[in-house]
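Enquirer: Next comes the structure file data15.cif, holding mmCIF, C-alpha atoms.
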data_final
#
loop_
_atom_site.label_atom_id
_atom_site.label_comp_id
_atom_site.auth_asym_id
_atom_site.auth_seq_id
_atom_site.Cartn_x
_atom_site.Cartn_y
_atom_site.Cartn_z
CA MET P 1 -100.92 -102.94 -102.91
CA GLN P 2 -98.15 -105.52 -103.48
CA LEU P 3 -95.13 -105.28 -105.73
CA GLU P 4 -96.13 -106.53 -109.18
CA LYS P 5 -94.95 -110.09 -109.75
CA ASN P 6 -93.65 -109.56 -113.25
CA LYS P 7 -92.29 -106.05 -112.91
CA ASN P 8 -88.96 -105.01 -111.45
CA ILE P 9 -89.06 -101.86 -109.37
CA LYS P 10 -85.85 -99.97 -110.10
CA VAL P 11 -84.24 -98.22 -107.14
CA THR P 12 -81.08 -96.09 -107.23
CA TYR P 13 -79.24 -95.04 -104.07
CA LEU P 14 -77.09 -91.91 -103.94
CA TYR P 15 -74.26 -91.90 -101.39
CA LYS P 16 -71.31 -89.92 -100.26
CA LYS P 17 -67.97 -91.75 -100.71
CA GLY P 18 -66.93 -94.97 -98.97
CA ARG P 19 -69.39 -97.60 -100.20
CA LYS P 20 -67.99 -98.53 -103.61
CA ASN P 21 -64.53 -99.34 -102.29
CA ARG P 22 -65.94 -101.57 -99.57
CA LEU P 23 -68.08 -103.51 -102.07
CA GLU P 24 -65.52 -103.81 -104.88
CA ASN P 25 -62.75 -104.96 -102.54
CA GLN P 26 -65.11 -107.18 -100.54
CA ILE P 27 -64.03 -105.51 -97.33
CA PRO P 28 -65.82 -107.05 -94.31
CA CYS P 29 -68.18 -104.36 -93.14
CA PRO P 30 -71.61 -103.80 -91.58
CA SER P 31 -74.46 -102.83 -93.87
CA GLU P 32 -76.15 -99.98 -91.97
CA PHE P 33 -74.52 -97.13 -93.89
CA PHE P 34 -75.90 -98.59 -97.11
CA TYR P 35 -79.35 -97.76 -95.66
CA GLY P 36 -81.04 -100.99 -96.74
CA TYR P 37 -79.26 -101.41 -100.09
CA LYS P 38 -77.51 -104.68 -99.23
CA GLU P 39 -80.72 -106.17 -97.85
CA LEU P 40 -82.97 -104.97 -100.68
CA ILE P 41 -80.78 -106.51 -103.42
CA GLU P 42 -81.89 -109.90 -102.09
CA GLU P 43 -85.55 -109.05 -102.71
CA LYS P 44 -87.30 -110.34 -105.82
CA ASN P 45 -88.81 -107.76 -108.19
CA LEU P 46 -86.37 -105.07 -107.04
CA ASP P 47 -83.55 -103.86 -109.26
CA ILE P 48 -81.11 -101.99 -106.97
CA ASN P 49 -78.24 -99.75 -108.07
CA PHE P 50 -76.18 -96.92 -106.55
CA PHE P 51 -73.97 -93.94 -107.33
CA GLU P 52 -71.54 -92.02 -105.16
CA GLU P 53 -71.21 -88.21 -105.30
CA PHE P 54 -68.06 -88.48 -107.42
CA ASP P 55 -69.96 -90.44 -110.09
CA LEU P 56 -72.42 -87.57 -110.51
CA ASP P 57 -69.88 -84.80 -111.17
CA LEU P 58 -71.22 -82.02 -108.94
CA GLU P 59 -68.32 -79.63 -109.51
CA VAL P 60 -68.78 -76.11 -110.89
CA LYS P 61 -65.67 -75.79 -113.06
CA ASN P 62 -66.03 -72.10 -114.01
CA ILE P 63 -64.10 -70.12 -111.37
CA PHE P 64 -66.29 -66.99 -111.60
CA LEU P 65 -69.54 -68.97 -111.42
CA ASN P 66 -68.13 -70.92 -108.50
CA LYS P 67 -67.53 -67.70 -106.55
CA VAL P 68 -71.01 -66.39 -107.39
CA CYS P 69 -72.55 -69.66 -106.17
CA ASN P 70 -70.58 -69.44 -102.91
CA LEU P 71 -71.85 -65.90 -102.32
CA LEU P 72 -75.48 -66.71 -103.12
CA SER P 73 -75.37 -69.85 -100.95
CA LYS P 74 -74.71 -67.72 -97.87
CA ILE P 75 -77.62 -65.44 -98.73
CA ILE P 76 -80.11 -68.27 -99.42
CA PHE P 77 -80.15 -70.05 -96.03
CA ASN P 78 -76.71 -71.68 -96.66
CA PHE P 79 -78.29 -73.43 -99.63
CA PRO P 80 -75.76 -75.81 -101.34
CA LEU P 81 -75.91 -73.96 -104.66
CA ASN P 82 -72.52 -75.15 -105.99
CA PRO P 83 -73.37 -78.86 -106.25
CA VAL P 84 -76.90 -78.02 -107.47
CA ILE P 85 -75.54 -75.91 -110.34
CA GLY P 86 -72.82 -78.50 -111.03
CA PHE P 87 -75.46 -81.23 -111.22
CA LEU P 88 -77.48 -79.18 -113.72
CA ILE P 89 -74.63 -77.85 -115.89
CA ASN P 90 -72.89 -81.21 -116.13
CA LYS P 91 -76.26 -82.88 -116.89
CA SER P 92 -75.62 -85.51 -114.25
CA PHE P 93 -79.37 -86.01 -113.96
CA LYS P 94 -79.20 -88.03 -117.19
CA LYS P 95 -77.39 -90.77 -115.28
CA LEU P 96 -80.47 -91.15 -113.11
CA ASN P 97 -82.96 -91.76 -115.92
CA ASN P 98 -84.87 -95.00 -116.09
CA THR P 99 -85.23 -95.58 -112.35
CA ASP P 100 -88.46 -95.65 -110.35
CA TYR P 101 -87.06 -94.47 -107.03
CA ILE P 102 -83.99 -92.44 -106.09
CA ILE P 103 -82.91 -92.59 -102.46
CA ALA P 104 -80.73 -89.64 -101.38
CA THR P 105 -78.74 -90.35 -98.22
CA THR P 106 -77.32 -86.88 -97.50
CA ASN P 107 -78.94 -83.46 -97.17
CA THR P 108 -76.97 -82.08 -100.11
CA LEU P 109 -78.02 -84.89 -102.43
CA GLY P 110 -81.62 -84.60 -101.29
CA ILE P 111 -81.71 -80.88 -102.04
CA ILE P 112 -80.11 -81.44 -105.47
CA LEU P 113 -82.77 -83.98 -106.40
CA SER P 114 -85.55 -81.76 -105.09
CA VAL P 115 -84.41 -79.03 -107.48
CA ALA P 116 -84.22 -81.55 -110.33
CA LYS P 117 -87.77 -82.66 -109.53
CA ILE P 118 -89.06 -79.06 -109.59
CA LEU P 119 -87.40 -78.52 -112.96
CA ASN P 120 -88.98 -81.75 -114.24
CA LEU P 121 -85.55 -83.24 -115.01
CA THR P 122 -86.49 -86.54 -113.44
CA ARG P 123 -89.70 -88.54 -113.29
CA SER P 124 -88.37 -90.76 -110.53
CA LYS P 125 -89.93 -90.68 -107.09
CA ILE P 126 -87.49 -89.15 -104.61
CA LEU P 127 -86.94 -90.52 -101.10
CA PHE P 128 -84.78 -88.10 -99.14
CA ILE P 129 -83.21 -89.54 -95.96
CA ASN P 130 -82.48 -86.28 -94.16
CA MET P 131 -80.63 -85.56 -90.93
CA GLY P 132 -80.64 -82.19 -89.24
CA LEU P 133 -82.55 -80.50 -92.05
CA PHE P 134 -84.11 -78.11 -89.52
CA PRO P 135 -81.77 -78.11 -86.49
CA LYS P 136 -83.75 -75.18 -85.08
CA LYS P 137 -87.22 -73.76 -85.66
CA PRO P 138 -87.04 -72.17 -89.13
CA ASN P 139 -88.28 -68.66 -89.80
CA SER P 140 -91.38 -68.22 -91.95
CA LEU P 141 -89.43 -67.35 -95.12
CA LYS P 142 -87.16 -70.36 -94.85
CA ARG P 143 -90.16 -72.58 -94.07
CA LEU P 144 -91.99 -71.42 -97.20
CA PHE P 145 -88.86 -71.86 -99.31
CA PHE P 146 -88.29 -75.46 -98.19
CA LYS P 147 -91.99 -76.29 -98.29
CA TYR P 148 -91.93 -75.39 -101.99
CA LEU P 149 -88.63 -77.20 -102.54
CA PHE P 150 -89.74 -80.48 -100.95
CA ASN P 151 -93.34 -80.45 -102.15
CA SER P 152 -92.85 -83.25 -104.70
CA ILE P 153 -90.65 -85.65 -102.72
CA LYS P 154 -90.89 -87.86 -99.65
CA LEU P 155 -88.86 -86.77 -96.61
CA LEU P 156 -87.61 -89.72 -94.57
CA THR P 157 -86.07 -89.15 -91.16
CA ILE P 158 -84.21 -91.62 -88.93
CA SER P 159 -85.21 -89.75 -85.78
CA LYS P 160 -88.69 -89.75 -84.25
CA THR P 161 -87.87 -86.38 -82.67
CA GLU P 162 -87.08 -84.85 -86.07
CA TYR P 163 -90.16 -86.50 -87.55
CA GLU P 164 -92.40 -84.71 -85.04
CA LEU P 165 -90.90 -81.42 -86.24
CA LEU P 166 -91.00 -82.21 -89.97
CA LYS P 167 -94.61 -83.36 -90.02
CA ILE P 168 -95.65 -79.93 -88.70
CA TYR P 169 -94.31 -78.33 -91.85
CA PHE P 170 -94.63 -81.13 -94.42
CA LYS P 171 -97.52 -83.27 -93.13
CA ASN P 172 -97.89 -86.30 -95.45
CA ASN P 173 -94.50 -85.68 -97.10
CA ALA P 174 -92.63 -86.78 -93.94
CA LYS P 175 -92.16 -90.33 -92.68
CA TYR P 176 -90.17 -91.84 -89.79
CA ILE P 177 -87.84 -94.69 -90.81
CA PRO P 178 -85.93 -95.92 -87.73
CA PHE P 179 -82.21 -96.28 -88.41
CA GLY P 180 -80.91 -99.79 -87.82
CA VAL P 181 -77.46 -101.32 -87.52
CA ASP P 182 -76.20 -104.67 -88.77
CA ALA P 183 -76.87 -106.94 -85.80
CA ASN P 184 -75.03 -109.82 -87.49
CA PHE P 185 -71.82 -107.79 -87.75
CA TRP P 186 -71.89 -105.84 -84.50
CA VAL P 187 -71.89 -108.78 -82.11
CA ALA P 188 -70.42 -109.35 -78.68
CA LYS P 189 -67.25 -111.40 -78.46
CA ASP P 190 -65.80 -112.75 -75.25
CA ASN P 191 -62.58 -110.94 -74.43
CA VAL P 192 -60.46 -110.96 -71.32
CA LEU P 193 -59.53 -107.36 -70.61
CA LYS P 194 -55.81 -107.22 -69.90
CA ASN P 195 -55.73 -103.43 -69.98
CA LYS P 196 -59.13 -101.99 -69.11
CA TYR P 197 -60.34 -98.97 -71.05
CA VAL P 198 -63.48 -96.97 -71.76
CA LEU P 199 -64.25 -96.04 -75.37
CA ALA P 200 -65.54 -92.78 -76.89
CA ILE P 201 -66.08 -92.37 -80.66
CA GLY P 202 -67.27 -89.64 -83.03
CA ASN P 203 -66.37 -87.15 -85.75
CA ASP P 204 -69.32 -84.77 -85.95
CA LYS P 205 -69.13 -81.26 -84.56
CA ALA P 206 -71.71 -82.03 -81.88
CA ARG P 207 -69.21 -84.21 -79.98
CA ASP P 208 -68.31 -82.50 -76.70
CA TRP P 209 -64.78 -83.76 -76.21
CA GLU P 210 -63.87 -80.81 -73.99
CA THR P 211 -66.43 -81.71 -71.33
CA LEU P 212 -65.46 -85.39 -71.45
CA ILE P 213 -61.75 -84.67 -71.02
CA LYS P 214 -62.37 -82.23 -68.17
CA SER P 215 -64.58 -84.78 -66.41
CA TRP P 216 -62.03 -87.61 -66.72
CA ASP P 217 -60.56 -88.18 -63.26
CA ASP P 218 -57.07 -89.61 -62.83
CA THR P 219 -58.61 -92.51 -60.87
CA PHE P 220 -60.74 -93.55 -63.90
CA PRO P 221 -59.74 -96.37 -66.27
CA PHE P 222 -57.83 -95.57 -69.46
CA LEU P 223 -59.96 -93.63 -72.00
CA LYS P 224 -59.61 -94.12 -75.75
CA ILE P 225 -61.10 -91.36 -77.92
CA ILE P 226 -61.55 -92.27 -81.60
CA THR P 227 -62.03 -89.15 -83.74
CA SER P 228 -60.78 -87.21 -86.75
CA LEU P 229 -61.37 -83.92 -84.91
CA PRO P 230 -58.42 -81.94 -83.48
CA VAL P 231 -58.67 -83.14 -79.89
CA LYS P 232 -55.75 -82.62 -77.51
CA THR P 233 -55.13 -83.60 -73.92
CA THR P 234 -52.23 -83.79 -71.50
CA LYS P 235 -53.88 -86.36 -69.24
CA ASN P 236 -51.91 -89.59 -68.96
CA ASN P 237 -54.96 -91.85 -68.88
CA ILE P 238 -56.42 -90.56 -72.17
CA GLU P 239 -55.35 -91.53 -75.69
CA VAL P 240 -56.66 -89.88 -78.87
CA ILE P 241 -56.73 -92.18 -81.92
CA ARG P 242 -57.45 -90.86 -85.39
CA GLY P 243 -60.41 -92.56 -87.08
CA ASN P 244 -62.80 -91.80 -89.95
CA TRP P 245 -65.39 -94.11 -91.57
CA HIS P 246 -65.34 -92.48 -95.01
CA ALA P 247 -61.53 -92.41 -95.18
CA GLU P 248 -61.33 -95.95 -93.73
CA ILE P 249 -58.57 -94.94 -91.31
CA LEU P 250 -59.83 -97.68 -89.00
CA SER P 251 -61.53 -100.72 -90.50
CA ASP P 252 -64.98 -101.81 -89.33
CA VAL P 253 -63.47 -105.01 -87.92
CA GLU P 254 -60.99 -102.91 -85.92
CA MET P 255 -63.86 -100.78 -84.66
CA ARG P 256 -65.78 -103.88 -83.60
CA ASN P 257 -62.75 -105.10 -81.68
CA LEU P 258 -62.45 -101.74 -79.96
CA TYR P 259 -66.09 -101.94 -78.86
CA ASN P 260 -65.74 -105.50 -77.64
CA ASN P 261 -62.56 -104.88 -75.68
CA SER P 262 -63.95 -101.83 -73.89
CA GLU P 263 -65.73 -101.73 -70.55
CA PHE P 264 -68.41 -99.36 -71.79
CA VAL P 265 -68.90 -96.54 -74.31
CA ILE P 266 -69.36 -92.78 -73.80
CA ILE P 267 -70.93 -90.39 -76.33
CA PRO P 268 -70.57 -86.81 -75.01
CA LEU P 269 -72.68 -84.34 -77.00
CA LYS P 270 -73.38 -80.64 -77.24
CA GLN P 271 -77.05 -79.65 -77.26
CA THR P 272 -78.54 -80.28 -80.72
CA TYR P 273 -81.81 -81.28 -82.39
CA GLN P 274 -79.96 -83.71 -84.67
CA PRO P 275 -79.77 -87.43 -83.78
CA SER P 276 -76.05 -87.06 -83.14
CA GLY P 277 -74.27 -90.16 -81.87
CA GLN P 278 -77.03 -92.46 -83.11
CA SER P 279 -74.96 -94.93 -85.16
CA THR P 280 -72.18 -95.18 -82.57
CA CYS P 281 -74.70 -95.73 -79.80
CA LEU P 282 -76.55 -98.48 -81.68
CA GLN P 283 -73.32 -100.22 -82.76
CA ALA P 284 -72.14 -100.32 -79.15
CA MET P 285 -75.53 -101.61 -77.97
CA SER P 286 -75.43 -104.30 -80.64
CA CYS P 287 -72.04 -105.40 -79.24
CA SER P 288 -73.72 -105.61 -75.82
CA LYS P 289 -71.93 -102.58 -74.42
CA ALA P 290 -73.52 -100.11 -72.01
CA VAL P 291 -73.65 -96.58 -73.37
CA ILE P 292 -73.48 -93.23 -71.57
CA ILE P 293 -74.89 -90.51 -73.85
CA SER P 294 -75.80 -86.85 -73.39
CA ASN P 295 -79.57 -86.37 -73.16
CA ILE P 296 -79.81 -83.94 -76.09
CA LYS P 297 -83.04 -82.72 -77.70
CA GLY P 298 -82.19 -84.85 -80.74
CA ILE P 299 -82.43 -88.22 -78.96
CA TRP P 300 -84.09 -90.23 -81.69
CA ASP P 301 -86.64 -92.30 -79.76
CA ARG P 302 -87.55 -91.43 -76.19
CA ASP P 303 -90.20 -94.14 -76.03
CA LEU P 304 -87.67 -96.95 -76.54
CA LEU P 305 -84.51 -95.51 -74.98
CA LYS P 306 -84.93 -95.79 -71.21
CA HIS P 307 -82.45 -94.42 -68.68
CA GLY P 308 -80.90 -97.05 -66.44
CA GLU P 309 -82.52 -99.88 -68.41
CA ASN P 310 -80.95 -99.91 -71.88
CA ILE P 311 -78.98 -96.63 -71.85
CA PHE P 312 -77.53 -94.14 -69.37
CA PHE P 313 -78.40 -90.46 -69.91
CA VAL P 314 -76.38 -87.50 -68.60
CA ASN P 315 -77.03 -83.78 -68.96
CA PRO P 316 -75.36 -82.17 -72.01
CA GLY P 317 -72.32 -80.04 -71.18
CA ASP P 318 -72.55 -80.95 -67.48
CA GLN P 319 -69.11 -82.01 -66.29
CA LYS P 320 -70.27 -83.05 -62.81
CA ASP P 321 -73.19 -85.12 -64.10
CA LEU P 322 -70.98 -86.86 -66.66
CA LYS P 323 -68.41 -87.70 -64.00
CA LYS P 324 -71.20 -89.04 -61.78
CA GLY P 325 -72.48 -91.24 -64.62
CA ILE P 326 -69.00 -92.59 -65.34
CA ASN P 327 -68.53 -93.44 -61.66
CA THR P 328 -71.89 -95.23 -61.63
CA LEU P 329 -71.06 -97.53 -64.55
CA ILE P 330 -67.58 -98.23 -63.17
CA LYS P 331 -68.91 -99.29 -59.77
CA ASP P 332 -72.45 -100.61 -60.41
CA LEU P 333 -71.72 -103.78 -62.39
CA GLU P 334 -75.28 -105.05 -61.95
CA MET P 335 -76.69 -101.96 -63.67
CA ARG P 336 -74.06 -102.16 -66.39
CA LYS P 337 -74.92 -105.78 -67.15
CA ARG P 338 -78.64 -104.95 -67.28
CA ILE P 339 -78.01 -102.10 -69.73
CA GLU P 340 -75.79 -104.37 -71.85
CA LYS P 341 -78.45 -107.07 -72.09
CA GLN P 342 -81.40 -104.76 -72.70
CA GLY P 343 -79.43 -102.69 -75.21
CA ARG P 344 -78.75 -105.74 -77.37
CA LEU P 345 -82.43 -106.76 -77.19
CA LEU P 346 -83.39 -103.26 -78.35
CA ILE P 347 -81.28 -103.74 -81.48
CA GLU P 348 -82.72 -107.19 -82.17
CA ASP P 349 -86.31 -105.99 -81.78
CA HIS P 350 -86.18 -102.50 -83.28
CA PHE P 351 -83.01 -100.78 -84.49
CA ASN P 352 -81.65 -103.22 -87.07
CA VAL P 353 -81.12 -103.11 -90.85
CA ILE P 354 -83.80 -105.71 -91.57
CA ASN P 355 -86.47 -103.48 -90.06
CA MET P 356 -85.11 -100.52 -92.01
CA LYS P 357 -85.24 -102.54 -95.23
CA ASN P 358 -88.82 -103.62 -94.54
CA ASN P 359 -89.87 -100.01 -93.90
CA LEU P 360 -88.42 -98.93 -97.25
CA LYS P 361 -90.06 -101.85 -99.02
CA THR P 362 -93.40 -100.79 -97.56
CA ILE P 363 -92.96 -97.36 -99.17
CA PHE P 364 -92.38 -99.01 -102.57
CA GLU P 365 -95.55 -101.04 -102.10
CA GLU P 366 -97.65 -98.04 -101.07
CA ASN P 367 -96.75 -95.92 -104.11
#
Is it possible to give me this structure as structure tokens?
Expert:
Amino acid sequence: MQLEKNKNIKVTYLYKKGRKNRLENQIPCPSEFFYGYKELIEEKNLDINFFEEFDLDLEVKNIFLNKVCNLLSKIIFNFPLNPVIGFLINKSFKKLNNTDYIIATTNTLGIILSVAKILNLTRSKILFINMGLFPKKPNSLKRLFFKYLFNSIKLLTISKTEYELLKIYFKNNAKYIPFGVDANFWVAKDNVLKNKYVLAIGNDKARDWETLIKSWDDTFPFLKIITSLPVKTTKNNIEVIRGNWHAEILSDVEMRNLYNNSEFVIIPLKQTYQPSGQSTCLQAMSCSKAVIISNIKGIWDRDLLKHGENIFFVNPGDQKDLKKGINTLIKDLEMRKRIEKQGRLLIEDHFNVINMKNNLKTIFEEN
């Protein structure tokens, strides 16, 4: 089926903070963390809107009820009961009336909307872009609980690995939507490196900064670590720079410059089923930078990511293997150039925001 010519399909995105300020102040930024919003607003017959968490008022203001929710959340599989109850008590669901689709872009927002759907507080179709919903194999009770919770929505995942897990439990309710970065923003720029450095970026708890710092030899180039996490080092050839996308501590243009001025990028990770490091990896690839990344279970597409061709894998938590990989990219310039070229082609052909937008549009057409 095709979108009806004379009917606007209304779509509302729900985000964490950071988007509104960028749009209102016309801050130059890539579009990937809008998850197709900026591309879909150009489509005819689509009426696109968005809210951030703050707009929805998810706070439980009663102190006693807040404490009860905190206690129950720990009992019920760490269920985010506080924002769910806040959403219901404050009747925030009324702000989401009169829309055909709601796209939740965080696990908390997706769970909130799933509850609202069960309670028949919204007639909208829910698309839940989830990440790390089941980091490990869930027990039977948790599986039954979430199967009931997500029965009336569509679970979208940006990782093929997570999709293989979700479809076991949710079958037709799960769909793989490859995450894509803004290939027109993250572009390579010719820079003469006066002071050579290697770049490492990330704020999630899966980043293994300890292993990276221990592996960093004093003969290696200067290492810049961009993170909001409490990372410390006494090594003279390592600098820790505070950065956070949501808080806009470093602008996207500054981040692009950091990518472009680096020799290559390292993403050290602890073992996890989540697609940790995905956005950083794809941004670096889009800027034609070779990437060393830990070969975690959550690598999002093993068919397309190929070691030594468009990416360089190392064993998670393995200091010796990481050091060996760093030495390889420092010395083997032919391999590094091949990875740079093939990485950029991978973005152009697969992991870009236009493909993500088209995948979402296909869902609207199918339903």
Enquirer: Using all atoms listed in the file, pick whichever of P:Lys10, P:Asn151, P:Tyr37, P:Ala174 has the shortest atom-to-atom distance to Asn98 in chain P.
Expert: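 For Asn98 in chain P, the nearest of the candidates is P:Lys10.
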Enquirer: Give me, as a tab-separated table, each residue of range 156-191 of chain P that comes within 6 Å of range 285-294 of chain P, together with its shortest interatomic pair and the distance in Å at one decimal, counting only C-alpha atoms, with rows ordered by chain and rising residue number.
Expert:
residue	atom	partner	partner_atom	distance
P:Ala183	CA	P:Ser286	CA	6.0
P:Trp186	CA	P:Cys287	CA	5.3
P:Val187	CA	P:Cys287	CA	4.4
P:Ala188	CA	P:Cys287	CA	4.3
Enquirer: Could I get the residues of range 169-254 of chain P with an atom no further than 12 Å from an atom of range 324-337 of chain P, each paired with its nearest atom pair and that distance in Å to one decimal, using all atoms listed in the file, sorted by chain and residue number, as a tab-separated table?
Expert:
residue	atom	partner	partner_atom	distance
P:Lys196	CA	P:Ile330	CA	11.0
P:Tyr197	CA	P:Ile330	CA	10.7
P:Val198	CA	P:Ile326	CA	9.5
P:Leu199	CA	P:Ile326	CA	11.6
P:Leu212	CA	P:Ile326	CA	10.1
P:Ser215	CA	P:Ile326	CA	9.0
P:Trp216	CA	P:Ile326	CA	8.7
P:Asp217	CA	P:Asn327	CA	9.7
P:Thr219	CA	P:Asn327	CA	10.0
P:Phe220	CA	P:Asn327	CA	8.1
P:Pro221	CA	P:Ile330	CA	8.6
P:Phe222	CA	P:Ile330	CA	11.9
P:Leu223	CA	P:Ile326	CA	11.3
Enquirer: If we count all atoms listed in the file and set the cut-off at 10 Å, which residues sit around Asn90 in chain P, ignoring sequence neighbours fewer than 2 positions away in its own chain? Please answer as a count of residues only.
Expert: 13
Enquirer: Using the chain letters and numbers from the file, give me the residues hit by the PyMOL selection byres ((chain P and resi 127) around 10), as a PyMOL selection string.
Expert: chain P and resi 13+101-105+110+113-114+124-126+128-130+153-156+173-175+360+363
Enquirer: Enter the distance from CA of Lys357 in chain P to CA of Leu23 in chain P, in Å, rounded to one decimal.
Expert: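 Spanning CA of Lys357 in chain P to CA of Leu23 in chain P is a straight-line distance of 18.5 Å.
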Enquirer: Fewer than 5 positions away in the same chain doesn't count, so skip those; otherwise give me all residues within 10 Å of Lys38 in chain P, counting all atoms listed in the file, as a ChimeraX atom specification.
Expert: /P:23,30-33,43,48,353-354,357
Enquirer: For the residues in the current selection, export C-alpha atoms as a tab-separated table (two decimals), keeping the file's coordinate frame.
Expert:
chain	number	residue	atom	x	y	z
P	23	LEU	CA	-68.08	-103.51	-102.07
P	30	PRO	CA	-71.61	-103.80	-91.58
P	31	SER	CA	-74.46	-102.83	-93.87
P	32	GLU	CA	-76.15	-99.98	-91.97
P	33	PHE	CA	-74.52	-97.13	-93.89
P	43	GLU	CA	-85.55	-109.05	-102.71
P	48	ILE	CA	-81.11	-101.99	-106.97
P	353	VAL	CA	-81.12	-103.11	-90.85
P	354	ILE	CA	-83.80	-105.71	-91.57
P	357	LYS	CA	-85.24	-102.54	-95.23
Enquirer: Quick one: residues within 9 Å of Thr227 in chain P, all atoms listed in the file, excluding same-chain residues fewer than 6 positions away - as a list in words?
Expert: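 The contact residues come out as Ala200, Ile201, Gly202, Asn203, Asp204, Val240, Ile241, Arg242, Gly243 and Asn244 of chain P.
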Enquirer: How would you write, as a short mmCIF file (atom, residue, chain, number, x, y, z; two decimals) with C-alpha atoms, keeping the file's coordinate frame, the residues chosen by the PyMOL selection byres ((chain P and resi 255) around 10) on this structure?
Expert:
data_model
loop_
_atom_site.label_atom_id
_atom_site.label_comp_id
_atom_site.auth_asym_id
_atom_site.auth_seq_id
_atom_site.Cartn_x
_atom_site.Cartn_y
_atom_site.Cartn_z
CA TRP P 186 -71.89 -105.84 -84.50
CA ILE P 201 -66.08 -92.37 -80.66
CA ILE P 226 -61.55 -92.27 -81.60
CA GLY P 243 -60.41 -92.56 -87.08
CA TRP P 245 -65.39 -94.11 -91.57
CA LEU P 250 -59.83 -97.68 -89.00
CA SER P 251 -61.53 -100.72 -90.50
CA ASP P 252 -64.98 -101.81 -89.33
CA VAL P 253 -63.47 -105.01 -87.92
CA GLU P 254 -60.99 -102.91 -85.92
CA ARG P 256 -65.78 -103.88 -83.60
CA ASN P 257 -62.75 -105.10 -81.68
CA LEU P 258 -62.45 -101.74 -79.96
CA TYR P 259 -66.09 -101.94 -78.86
CA ASN P 260 -65.74 -105.50 -77.64
CA ASN P 261 -62.56 -104.88 -75.68
CA GLN P 283 -73.32 -100.22 -82.76
CA ALA P 284 -72.14 -100.32 -79.15
#
Enquirer: For this file, the PyMOL selection byres ((chain P and resi 131) around 10) selects which residues, as a list in words?
Expert: Thr105, Thr106, Asn107, Phe128, Ile129, Asn130, Gly132, Leu133, Phe134, Pro135, Leu156, Thr157, Ile158, Ser159, Glu162, Tyr273, Gln274, Pro275 and Ser276 of chain P
Enquirer: Keeping only C-alpha atoms, write the selected residues to a file as a PDB file, in the coordinates of the input.
Expert:
ATOM      1  CA  THR P 105     -78.740 -90.350 -98.220  1.00  0.00           C
ATOM      2  CA  THR P 106     -77.320 -86.880 -97.500  1.00  0.00           C
ATOM      3  CA  ASN P 107     -78.940 -83.460 -97.170  1.00  0.00           C
ATOM      4  CA  PHE P 128     -84.780 -88.100 -99.140  1.00  0.00           C
ATOM      5  CA  ILE P 129     -83.210 -89.540 -95.960  1.00  0.00           C
ATOM      6  CA  ASN P 130     -82.480 -86.280 -94.160  1.00  0.00           C
ATOM      7  CA  GLY P 132     -80.640 -82.190 -89.240  1.00  0.00           C
ATOM      8  CA  LEU P 133     -82.550 -80.500 -92.050  1.00  0.00           C
ATOM      9  CA  PHE P 134     -84.110 -78.110 -89.520  1.00  0.00           C
ATOM     10  CA  PRO P 135     -81.770 -78.110 -86.490  1.00  0.00           C
ATOM     11  CA  LEU P 156     -87.610 -89.720 -94.570  1.00  0.00           C
ATOM     12  CA  THR P 157     -86.070 -89.150 -91.160  1.00  0.00           C
ATOM     13  CA  ILE P 158     -84.210 -91.620 -88.930  1.00  0.00           C
ATOM     14  CA  SER P 159     -85.210 -89.750 -85.780  1.00  0.00           C
ATOM     15  CA  GLU P 162     -87.080 -84.850 -86.070  1.00  0.00           C
ATOM     16  CA  TYR P 273     -81.810 -81.280 -82.390  1.00  0.00           C
ATOM     17  CA  GLN P 274     -79.960 -83.710 -84.670  1.00  0.00           C
ATOM     18  CA  PRO P 275     -79.770 -87.430 -83.780  1.00  0.00           C
ATOM     19  CA  SER P 276     -76.050 -87.060 -83.140  1.00  0.00           C
TER      20      SER P 276
END
Enquirer: Quick one: everything within 12 Å of Pro138 in chain P, counting only C-alpha atoms, minus sequence neighbours fewer than 4 positions away in the same chain. Send it as a list in words.
Expert: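 Within the cut-off, the hits are Phe77, Gly132, Leu133, Phe134, Lys142, Arg143, Leu144, Phe145, Phe146, Lys147, Leu165, Leu166, Ile168 and Tyr169 of chain P.
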Enquirer: When you draw a straight line from CA of Asn358 in chain P to CA of Tyr176 in chain P, how long is it in Å?
Expert: 12.8 Å
Enquirer: Smallest atom-to-atom distance to Lys95 in chain P: which of P:Glu52, P:Gln278, P:Ile76, P:Phe364, using only C-alpha atoms?
Expert: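 Smallest distance to Lys95 in chain P is found for P:Glu52.
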Enquirer: Calculate how many Å separate CA of Phe179 in chain P from CA of Asp321 in chain P, rounding to one decimal.
Expert: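 Atom-to-atom, CA of Phe179 in chain P to CA of Asp321 in chain P, that is 28.2 Å.
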Enquirer: So, counting all atoms listed in the file, which residue among P:Asn172, P:Thr234, P:Asn315, P:Ser279 is closest to Thr211 in chain P?
Expert: P:Asn315
Enquirer: Can you pull out every residue within 12 Å of Lys306 in chain P, counting all atoms listed in the file, but drop anything in the same chain fewer than 2 positions away, and send it as an NGL selection string?
Expert: :P and (291-293 or 295 or 299-304 or 308-313 or 338-339 or 342-343 or 346)
Enquirer: Kindly indicate which residue among P:His307, P:Lys214, P:Lys235, P:Lys160 lies nearest to Gln319 in chain P, using all atoms listed in the file for the distances.
Expert: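 So, comparing all the options, the nearest one is P:Lys214.
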Enquirer: I'd like to know which of P:Lys323, P:Lys224, P:Lys91, P:Arg207 is closest to Leu269 in chain P, using only C-alpha atoms.
Expert: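 With only C-alpha atoms as the atom set, the closest residue is P:Arg207.
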